[in-house]
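Okay, entry04.tsv is below, TSV, C-alpha atoms:
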chain	number	residue	atom	x	y	z
A	25	MET	CA	26.15	-20.40	1.74
A	26	THR	CA	28.63	-21.65	4.28
A	27	VAL	CA	32.15	-20.54	4.94
A	28	THR	CA	35.47	-22.27	5.28
A	29	ARG	CA	37.25	-22.00	8.56
A	30	SER	CA	41.02	-22.28	8.51
A	31	GLU	CA	41.33	-22.70	12.25
A	32	TYR	CA	39.38	-22.35	15.43
A	33	PRO	CA	39.91	-23.42	19.01
A	34	GLU	CA	38.63	-26.74	20.25
A	35	SER	CA	35.80	-26.70	22.71
A	36	ILE	CA	36.82	-27.57	26.24
A	37	ASP	CA	33.78	-28.18	28.32
A	38	ASP	CA	34.79	-27.22	31.83
A	39	ARG	CA	33.25	-24.43	33.80
A	40	LEU	CA	36.51	-23.49	35.47
A	41	PRO	CA	39.83	-23.16	33.71
A	42	THR	CA	41.63	-26.49	33.62
A	43	GLU	CA	45.10	-25.02	33.41
A	44	GLU	CA	47.13	-23.21	36.01
A	45	THR	CA	47.24	-20.07	33.92
A	46	ASP	CA	44.98	-17.08	33.49
A	47	ARG	CA	42.54	-18.14	30.83
A	48	THR	CA	39.97	-15.48	31.49
A	49	ILE	CA	39.42	-12.09	29.94
A	50	ALA	CA	37.16	-9.28	31.12
A	51	SER	CA	34.22	-8.31	28.92
A	52	ASP	CA	35.25	-4.67	28.92
A	53	LYS	CA	38.63	-5.75	27.52
A	54	VAL	CA	37.00	-7.81	24.76
A	55	GLU	CA	34.88	-4.87	23.65
A	56	GLY	CA	36.83	-2.79	21.18
A	57	THR	CA	39.33	-5.53	20.38
A	58	PRO	CA	40.20	-5.56	16.66
A	59	VAL	CA	39.20	-8.45	14.42
A	60	TYR	CA	41.32	-9.71	11.51
A	61	ASP	CA	40.19	-11.91	8.64
A	62	SER	CA	41.93	-15.01	7.27
A	63	ASP	CA	44.22	-12.80	5.15
A	64	GLY	CA	45.38	-10.88	8.23
A	65	GLU	CA	43.46	-7.77	7.21
A	66	ARG	CA	41.94	-5.73	10.01
A	67	ILE	CA	38.24	-5.69	9.27
A	68	GLY	CA	36.46	-4.48	12.38
A	69	LYS	CA	36.19	-4.74	16.11
A	70	ILE	CA	34.19	-6.47	18.80
A	71	GLN	CA	31.26	-4.35	19.92
A	72	SER	CA	30.03	-6.60	22.71
A	73	VAL	CA	29.41	-10.21	23.52
A	74	MET	CA	25.94	-11.69	23.85
A	75	ILE	CA	25.55	-13.81	26.96
A	76	ASP	CA	22.84	-16.39	27.63
A	77	LYS	CA	21.24	-15.05	30.81
A	78	TYR	CA	20.60	-18.48	32.25
A	79	THR	CA	23.62	-20.56	31.36
A	80	GLY	CA	26.19	-17.75	31.39
A	81	LYS	CA	27.58	-18.83	28.06
A	82	VAL	CA	28.75	-16.42	25.43
A	83	VAL	CA	26.49	-17.21	22.50
A	84	TYR	CA	27.86	-14.56	20.10
A	85	ALA	CA	30.59	-12.03	19.80
A	86	VAL	CA	29.12	-9.06	17.97
A	87	MET	CA	31.49	-7.53	15.42
A	88	SER	CA	31.12	-4.18	13.76
A	89	PHE	CA	32.90	-3.44	10.50
A	90	GLY	CA	34.95	-0.35	9.92
A	91	GLY	CA	36.13	2.30	12.30
A	92	PHE	CA	33.22	4.69	12.42
A	93	ILE	CA	29.90	4.37	14.17
A	94	GLY	CA	27.04	5.78	12.23
A	95	LEU	CA	23.91	5.31	10.26
A	96	GLY	CA	23.96	2.18	8.22
A	97	GLU	CA	26.52	0.37	10.35
A	98	ARG	CA	25.64	-3.25	10.77
A	99	TYR	CA	26.49	-5.68	13.54
A	100	HIS	CA	27.59	-9.22	12.80
A	101	PRO	CA	27.03	-11.88	15.46
A	102	LEU	CA	29.78	-14.50	15.34
A	103	PRO	CA	29.92	-17.76	17.28
A	104	TRP	CA	32.59	-17.33	19.97
A	105	ALA	CA	34.35	-20.43	18.63
A	106	VAL	CA	35.29	-18.77	15.32
A	107	LEU	CA	37.42	-16.19	17.14
A	108	ARG	CA	41.03	-17.01	17.90
A	109	TYR	CA	43.08	-14.56	19.92
A	110	ASP	CA	46.46	-13.70	18.42
A	111	GLU	CA	48.99	-12.42	20.94
A	112	LYS	CA	51.15	-10.66	18.34
A	113	LEU	CA	48.27	-8.87	16.64
A	114	GLU	CA	46.58	-8.22	19.99
A	115	GLY	CA	43.34	-9.03	18.27
A	116	TYR	CA	41.05	-11.81	17.18
A	117	ILE	CA	41.57	-13.70	13.96
A	118	VAL	CA	38.60	-15.28	12.28
A	119	GLY	CA	39.73	-17.83	9.70
A	120	ILE	CA	37.16	-16.58	7.25
A	121	LYS	CA	37.41	-14.38	4.16
A	122	LYS	CA	36.26	-10.80	4.54
A	123	GLU	CA	33.65	-11.25	1.80
A	124	ALA	CA	32.09	-14.21	3.61
A	125	LEU	CA	31.98	-12.20	6.83
A	126	GLU	CA	30.35	-9.27	5.06
A	127	SER	CA	27.67	-11.58	3.64
A	128	GLY	CA	26.98	-13.17	7.03
A	129	PRO	CA	23.97	-12.61	9.27
A	130	SER	CA	23.84	-9.02	10.46
A	131	PHE	CA	21.51	-6.46	11.91
A	132	ALA	CA	21.20	-2.69	12.17
A	133	ARG	CA	22.04	-0.94	15.44
A	134	ASP	CA	18.48	0.22	15.98
A	135	GLU	CA	16.86	-3.01	14.79
A	136	PRO	CA	18.30	-5.85	16.84
A	137	PRO	CA	16.72	-9.24	16.13
A	138	VAL	CA	15.17	-11.49	18.75
A	139	PHE	CA	18.09	-13.74	19.62
A	140	ASP	CA	16.02	-16.88	19.90
A	141	ARG	CA	16.94	-20.42	19.03
A	142	ALA	CA	15.94	-20.15	15.36
A	143	TYR	CA	18.14	-17.06	14.93
A	144	GLY	CA	21.03	-18.80	16.68
A	145	MET	CA	20.73	-21.87	14.48
A	146	GLY	CA	21.00	-19.64	11.42
A	147	VAL	CA	24.14	-17.92	12.68
A	148	TYR	CA	25.84	-21.10	13.84
A	149	SER	CA	25.04	-22.99	10.65
A	150	TYR	CA	26.31	-20.09	8.49
A	151	TYR	CA	29.69	-20.39	10.16
A	152	GLY	CA	29.64	-24.18	10.21
A	153	ILE	CA	29.68	-24.44	13.98
A	154	VAL	CA	27.74	-27.12	15.82
A	155	PRO	CA	26.07	-25.47	18.86
B	22	MET	CA	33.06	-19.80	55.67
B	23	THR	CA	30.31	-20.50	53.20
B	24	VAL	CA	27.16	-18.58	52.46
B	25	THR	CA	23.52	-19.47	52.17
B	26	ARG	CA	21.83	-18.94	48.87
B	27	SER	CA	18.10	-18.34	48.90
B	28	GLU	CA	17.67	-18.87	45.19
B	29	TYR	CA	19.65	-19.14	41.98
B	30	PRO	CA	18.84	-20.24	38.46
B	31	GLU	CA	19.26	-23.83	37.43
B	32	SER	CA	21.98	-24.64	35.01
B	33	ILE	CA	20.76	-25.43	31.51
B	34	ASP	CA	23.54	-26.88	29.50
B	35	ASP	CA	22.76	-25.89	25.93
B	36	ARG	CA	24.92	-23.64	23.84
B	37	LEU	CA	21.96	-22.04	22.12
B	38	PRO	CA	18.83	-20.82	23.84
B	39	THR	CA	16.26	-23.60	24.06
B	40	GLU	CA	13.26	-21.30	24.19
B	41	GLU	CA	11.73	-19.19	21.48
B	42	THR	CA	12.40	-16.02	23.40
B	43	ASP	CA	15.32	-13.66	23.68
B	44	ARG	CA	17.45	-15.12	26.43
B	45	THR	CA	20.59	-13.22	25.64
B	46	ILE	CA	21.97	-9.99	27.00
B	47	ALA	CA	24.84	-7.89	25.68
B	48	SER	CA	27.94	-7.55	27.85
B	49	ASP	CA	27.83	-3.76	27.63
B	50	LYS	CA	24.30	-3.92	29.07
B	51	VAL	CA	25.39	-6.16	31.94
B	52	GLU	CA	28.18	-3.76	32.91
B	53	GLY	CA	26.82	-1.14	35.24
B	54	THR	CA	23.72	-3.14	36.18
B	55	PRO	CA	22.89	-2.75	39.88
B	56	VAL	CA	23.17	-5.68	42.29
B	57	TYR	CA	20.83	-6.22	45.25
B	58	ASP	CA	21.41	-8.48	48.24
B	59	SER	CA	18.98	-10.97	49.77
B	60	ASP	CA	17.30	-8.16	51.74
B	61	GLY	CA	16.64	-6.19	48.56
B	62	GLU	CA	19.27	-3.59	49.41
B	63	ARG	CA	21.22	-2.13	46.51
B	64	ILE	CA	24.82	-2.96	47.29
B	65	GLY	CA	26.82	-2.41	44.13
B	66	LYS	CA	27.00	-2.91	40.41
B	67	ILE	CA	28.49	-5.24	37.84
B	68	GLN	CA	31.83	-3.95	36.64
B	69	SER	CA	32.47	-6.59	33.98
B	70	VAL	CA	32.17	-10.27	33.38
B	71	MET	CA	35.18	-12.58	33.14
B	72	ILE	CA	35.01	-14.92	30.17
B	73	ASP	CA	36.99	-18.11	29.66
B	74	LYS	CA	38.86	-17.37	26.43
B	75	TYR	CA	38.62	-20.93	25.17
B	76	THR	CA	35.18	-22.15	26.16
B	77	GLY	CA	33.39	-18.81	25.94
B	78	LYS	CA	31.80	-19.32	29.33
B	79	VAL	CA	31.29	-16.54	31.82
B	80	VAL	CA	33.30	-17.71	34.81
B	81	TYR	CA	32.65	-14.69	37.04
B	82	ALA	CA	30.62	-11.55	37.18
B	83	VAL	CA	32.78	-8.93	38.85
B	84	MET	CA	30.87	-6.73	41.29
B	85	SER	CA	32.06	-3.48	42.77
B	86	PHE	CA	30.53	-2.15	45.97
B	87	GLY	CA	29.30	1.37	46.34
B	88	GLY	CA	28.79	4.07	43.77
B	89	PHE	CA	32.20	5.67	43.53
B	90	ILE	CA	35.34	4.44	41.83
B	91	GLY	CA	38.44	5.23	43.74
B	92	LEU	CA	41.39	4.14	45.76
B	93	GLY	CA	40.60	1.25	47.97
B	94	GLU	CA	37.67	-0.02	45.93
B	95	ARG	CA	37.64	-3.77	45.73
B	96	TYR	CA	36.18	-6.07	43.11
B	97	HIS	CA	34.25	-9.18	44.04
B	98	PRO	CA	34.13	-12.03	41.53
B	99	LEU	CA	30.84	-13.90	41.77
B	100	PRO	CA	29.88	-17.13	40.03
B	101	TRP	CA	27.38	-16.21	37.28
B	102	ALA	CA	24.93	-18.70	38.79
B	103	VAL	CA	24.43	-16.67	41.99
B	104	LEU	CA	22.99	-13.75	40.01
B	105	ARG	CA	19.28	-13.72	39.27
B	106	TYR	CA	17.89	-10.95	37.10
B	107	ASP	CA	14.84	-9.22	38.51
B	108	GLU	CA	12.68	-7.50	35.91
B	109	LYS	CA	11.02	-5.13	38.37
B	110	LEU	CA	14.25	-4.00	40.01
B	111	GLU	CA	16.04	-3.96	36.65
B	112	GLY	CA	19.00	-5.43	38.43
B	113	TYR	CA	20.54	-8.63	39.70
B	114	ILE	CA	19.59	-10.16	43.01
B	115	VAL	CA	22.09	-12.33	44.80
B	116	GLY	CA	20.40	-14.36	47.49
B	117	ILE	CA	23.21	-13.66	49.91
B	118	LYS	CA	23.53	-11.31	52.87
B	119	LYS	CA	25.52	-8.14	52.33
B	120	GLU	CA	27.97	-9.07	55.09
B	121	ALA	CA	28.74	-12.41	53.45
B	122	LEU	CA	29.31	-10.66	50.12
B	123	GLU	CA	31.62	-8.14	51.75
B	124	SER	CA	33.66	-10.95	53.31
B	125	GLY	CA	33.92	-12.83	50.02
B	126	PRO	CA	36.96	-13.16	47.77
B	127	SER	CA	37.96	-9.77	46.39
B	128	PHE	CA	40.84	-7.96	44.81
B	129	ALA	CA	42.06	-4.41	44.33
B	130	ARG	CA	41.65	-2.69	40.98
B	131	ASP	CA	45.37	-2.44	40.39
B	132	GLU	CA	46.16	-5.90	41.76
B	133	PRO	CA	44.05	-8.43	39.87
B	134	PRO	CA	44.77	-12.04	40.77
B	135	VAL	CA	45.70	-14.75	38.32
B	136	PHE	CA	42.31	-16.25	37.53
B	137	ASP	CA	43.55	-19.82	37.46
B	138	ARG	CA	41.79	-22.99	38.49
B	139	ALA	CA	42.84	-22.75	42.15
B	140	TYR	CA	41.49	-19.21	42.39
B	141	GLY	CA	38.25	-20.27	40.73
B	142	MET	CA	37.80	-23.20	43.10
B	143	GLY	CA	38.12	-20.81	46.02
B	144	VAL	CA	35.48	-18.44	44.66
B	145	TYR	CA	33.03	-21.17	43.66
B	146	SER	CA	33.38	-23.00	46.95
B	147	TYR	CA	32.88	-19.78	48.94
B	148	TYR	CA	29.52	-19.33	47.26
B	149	GLY	CA	28.64	-23.02	47.44
B	150	ILE	CA	28.51	-23.45	43.68
B	151	VAL	CA	29.73	-26.64	42.00
B	152	PRO	CA	31.72	-25.62	38.91

For the file at hand, write its structure as structure tokens.
Amino acid sequence: MTVTRSEYPESIDDRLPTEETDRTIASDKVEGTPVYDSDGERIGKIQSVMIDKYTGKVVYAVMSFGGFIGLGERYHPLPWAVLRYDEKLEGYIVGIKKEALESGPSFARDEPPVFDRAYGMGVYSYYGIVP
Amino acid sequence: MTVTRSEYPESIDDRLPTEETDRTIASDKVEGTPVYDSDGERIGKIQSVMIDKYTGKVVYAVMSFGGFIGLGERYHPLPWAVLRYDEKLEGYIVGIKKEALESGPSFARDEPPVFDRAYGMGVYSYYGIVP
């Protein structure tokens, strides 16, 4: 199954910001930021971002559903490119239906997968993103 | 003034890990990780990483010196590429003398700069990194 994206930012392949504005955000500000689906419904929040140790690229943003941490909660790695920050909502919009997000690749808190290339290919292809 | 790096990882320009091992690390694991200088002295810790909102690249790791948070503490943005993770130390080594790190670009907690291109060029050139 793949999902339909309504909108996502274009990739701009520069290491440094190209514009004369503040394009950066601190990781500890990203963590906890709410996530909204394509219908504008608040569905979860960003738990952390997964960074490639060697290239320094954010490979995934990890979303948790719901407002409570507990047994059975699952984490959903999303390609960074599916997140679009909305100034008014002060949160990220993913242009994807809630149901498709719920069915996406996920893992339990105490059973993280090995985030190797094969795993990454699965996540990126689920969301229709070319790595 | 520029600094001398003794070692830093090569840039590998793939979005996904190329190896069949877990090359990723979660942002909330990076935060708080100790930083050692080129003499192996523990000099500070990672406060957060600054991510380019659009490309998803880590532009800086922000280091704080010392163990206490307080008035007068300054944050030092470092290019991700100057950090090398050391498994034995369970921390990052920057191949730079403590004095050179102390003299590097920094900002006060309550007076963050605009992280625009000009600022980034200054930081990267201080550490001798080509963006």

* Compare B:Ala129, B:Ile64, B:Val70, B:Val135 by their minimum atom-to-atom distance to Lys50 (chain B), counting all atoms listed in the file, and give me the closest one. =>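 Nearest candidate to Lys50 (chain B) out of B:Ala129, B:Ile64, B:Val70, B:Val135: B:Val70.
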
* To do: Could you tell me which of A:Met74, A:Ile153, A:Leu125, A:Met87 comes closest to chain B if we count all atoms listed in the file?
  =>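 Among the listed residues, A:Met74 lies closest to chain B.
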
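The nearest approach to chain A among the residues B:Lys109, B:Lys118, B:Arg138, B:Arg63, with all atoms listed in the file taken into account, belongs to B:Arg138.
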
* Asked: How many Å separate CA of Gly77 (chain B) from CA of Gly141 (chain B)?
  ->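 If I compute the distance from CA of Gly77 (chain B) to CA of Gly141 (chain B), I get 15.6 Å.
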
* **Two-atom distance - CA of Gly56 (chain A), CA of Val80 (chain B) (Å)** => 20.5 Å

* To do: Using only C-alpha atoms, pick whichever of A:Leu102, A:Ile49, A:Val154, A:Ile75 has the shortest atom-to-atom distance to Ala124 (chain A).
  =>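 Once distances to Ala124 (chain A) are computed over only C-alpha atoms, the minimum belongs to A:Leu102.
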
* To do: Could you give me, as a list in words, the residues that have an atom at most 9 Å away from the point (32.5, -12.5, 18.5) in the coordinates of the file, using only C-alpha atoms?
  =>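 Here is the list of nearby residues: Val59, Lys69, Ile70, Gln71, Ser72, Val73, Met74, Val82, Val83, Tyr84, Ala85, Val86, Met87, His100, Pro101, Leu102, Pro103, Trp104, Ala105, Val106, Leu107 and Tyr116 of chain A.
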
* In Å, rounded to a single decimal, give me how far CA of Asp140 (chain A) is from CA of Ile114 (chain B). =>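 Straight-line distance from CA of Ile114 (chain B) to CA of Asp140 (chain A) works out to 24.3 Å.
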
* Asked: Pick the closest to chain B from A:Asp76, A:Asp110, A:Glu135, A:Glu55: which is it, counting all atoms listed in the file?
  -> A:Asp76

* Counting all atoms listed in the file, figure out which residue out of A:Pro129, A:Ser88, A:Gly146, A:Pro155 gets nearest to chain B. =>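 The answer is A:Pro155, which sits nearest to chain B.
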